[in-house]
Amino acid sequence: MIDTHQGLPHEAADSITKPFARFLKIEAAAGGLLLLVVLLALGLANSPWQEGFLRFWETPIGLTFGSLDFTRSLRHWINDGLMTLFFFVLSLELKRELVLGELRNPRQAALPFAGALGGMIVPVSLYLALMSGQPGIHGWGTVMATDTAFVIGCLALFGGRIPPTLRLFLLSLAIFDDVGAILVVAFGYGEALNWSALGLGFLGIVIVAGASRLGIRSVPVYFLLGAAVWLCFDASGVHATIAGVILGLMTPTRIWVSDARLRAILGRLLAAPAGDRRHGDAVSHRDLRQAGRAVTESLSPVERLEMMLHPWVGFAIMPIFALANAGITIQGVDFVQPVSLAIIVGLVLGKPIGVFGFSWIGVRSGLAALAPGLSWPFILAGSFLTGIGFTMSLFIAGLAFDSSALNAAKLGILGGSALSAILGISLLIWLTLRRS
């Protein structure tokens, strides 16, 4: 006999279905995978297969239509194409937290925002001061952002021994400063603008907004529209990944099927006579299809898209990006080049000073509030972890530096990120041991 009061069968994945917990678990696992891929890329770039490995990412791929040429290198399609999905998911998470999550409280949202602001201003200032008058000064954007996956992966080492609010603080901060870095990429590292292509891109965005207003909910339709918008932005001179940010922030947080309507639909289905639905009539099948659609649409588009895309971003797109960009030929590289040192100083010193200092100012001024259980020593430890700038730093370095300085910049990014992780983890170990 079946107990009609039972819910769905229990699965191992049920424990991570809450959006925030699910996001953290995926980010933590992705951080571990990312570290393995970075080591693999470094190994291949300094192995007998070095030449073939590095040349592979420059393979031209694309199509030509008359005067329109969409041929790009494989690395370009990864950095500008696949990474657009990374930024899209980042924007979905930001919007969900601001509209549906913990950051609905303005004073609590103000704390990570203040930290992110300081974590951009101070490192950039240090970098500009150290690189004044030198060729690599244009690479100031490399010290701005925080790698969410690596930071959450470091926090996962401590389980429940650290305040849960520290995870929320660092996750929110990483999202804020990643969005800031994206805006800098779009307007600071773009090319000469093609206004016609840019106009077509914004026309595509208007069409997306209109389709949403008309009630079109087909994911393939929006995928095709988004691809068209991306191509227009790619041809416009504004960095194409900004399309992912705009479309992510446009995604609705409102559900289509309310809880009351969902219960009514499911109640009507359950009230039907029991029988063998394999040979049921058309009405039964129609009711089942309607119930399935109602269950799907009882989640907002932001939540559904994030759940669908986040694993792909964490376990496929980011590792592919790391494999394509983290390969550094160490032989012959000067370890004390000004670019490397400036990036290390920006990440290891600038990020914690900016994050901690601006967070303290935000709380002291009354604009921000400390979340329950979050103390200043833990914020300091977390501030050091924000110097892990791997993904976005490598992304910006590829735009900002020419081939002669790129290896030195990547070396500074990897060295600064590793040192920041060591300092942050060491301080967290000391804090957790002191609490026990």
# chains A, B, ... in the order shown; residues from 1 in each chain; ligands from 1

$ residues_around --residues "A:Leu433" --least-positions-apart "6" --cutoff "12 Å" --atoms "only C-alpha atoms" --output "number ranges by chain"
A: 158, 161-162, 426-427

$ residues_around --residues "A:Leu414" --least-positions-apart "5" --cutoff "12 Å" --atoms "only C-alpha atoms" --output "PyMOL selection string"
chain A and resi 35+38-39+42+142-143+147+322+325-328+330+335+340-341+343-344+347-348+387-394+397+407-409+419-421

$ atom_distance --atom1 "atom CA of A:Gly136" --atom2 "atom CA of A:Ala405"
7.5 Å

$ closest_residue --among "A:Gly424, A:Gly139, A:Pro123, A:Gly199" --to "A:Leu399" --atoms "only C-alpha atoms"
A:Gly139

$ residues_around --residues "A:Ile175" --least-positions-apart "5" --cutoff "9 Å" --atoms "only C-alpha atoms" --output "number ranges by chain"
A: 90-91, 93-94, 116, 145-146, 148, 170, 180

$ residues_around --residues "A:Ile61" --least-positions-apart "3" --cutoff "12 Å" --atoms "only C-alpha atoms" --output "list of chain:residue names"
A:Phe56, A:Trp57, A:Glu58, A:Thr64, A:Asp69, A:Phe70, A:Thr71, A:Arg72, A:Ser73, A:Leu74, A:Arg75, A:His76, A:Trp77, A:Ile78

$ write_last_selection --atoms "C-alpha atoms" --output "PDB file, in the first residue's frame"
ATOM      1  CA  PHE A  56      46.490  23.848 -30.321  1.00  0.00           C
ATOM      2  CA  TRP A  57      44.706  26.790 -28.668  1.00  0.00           C
ATOM      3  CA  GLU A  58      45.530  29.040 -31.648  1.00  0.00           C
ATOM      4  CA  THR A  64      32.727  33.340 -43.375  1.00  0.00           C
ATOM      5  CA  ASP A  69      34.270  36.815 -41.117  1.00  0.00           C
ATOM      6  CA  PHE A  70      33.531  34.976 -37.867  1.00  0.00           C
ATOM      7  CA  THR A  71      36.806  33.043 -37.806  1.00  0.00           C
ATOM      8  CA  ARG A  72      38.516  33.177 -34.412  1.00  0.00           C
ATOM      9  CA  SER A  73      41.147  31.120 -32.606  1.00  0.00           C
ATOM     10  CA  LEU A  74      39.996  28.301 -30.353  1.00  0.00           C
ATOM     11  CA  ARG A  75      41.244  30.300 -27.331  1.00  0.00           C
ATOM     12  CA  HIS A  76      39.125  33.273 -28.450  1.00  0.00           C
ATOM     13  CA  TRP A  77      35.974  31.125 -28.675  1.00  0.00           C
ATOM     14  CA  ILE A  78      36.696  29.834 -25.173  1.00  0.00           C
TER      15      ILE A  78
END

$ closest_residue --among "A:Phe321, A:Phe384, A:Trp230, A:Phe395" --to "A:Pro352" --atoms "only C-alpha atoms"
A:Phe384

$ residues_around --residues "A:Thr432" --least-positions-apart "2" --cutoff "12 Å" --atoms "only C-alpha atoms" --output "JSON, numbers by chain"
{"A": [155, 157, 158, 159, 160, 161, 162, 163, 377, 378, 381, 425, 426, 427, 428, 429, 430, 434, 435, 436]}

$ atom_distance --atom1 "atom CA of A:Arg254" --atom2 "atom CA of A:Glu306"
14.3 Å

$ select_by_dssp --residues "stretch 114-213 of chain A" --states "helix (DSSP H, G or I)" --output "number ranges by chain"
A: 114-130, 135-143, 148-156, 159-161, 164-188, 195-213
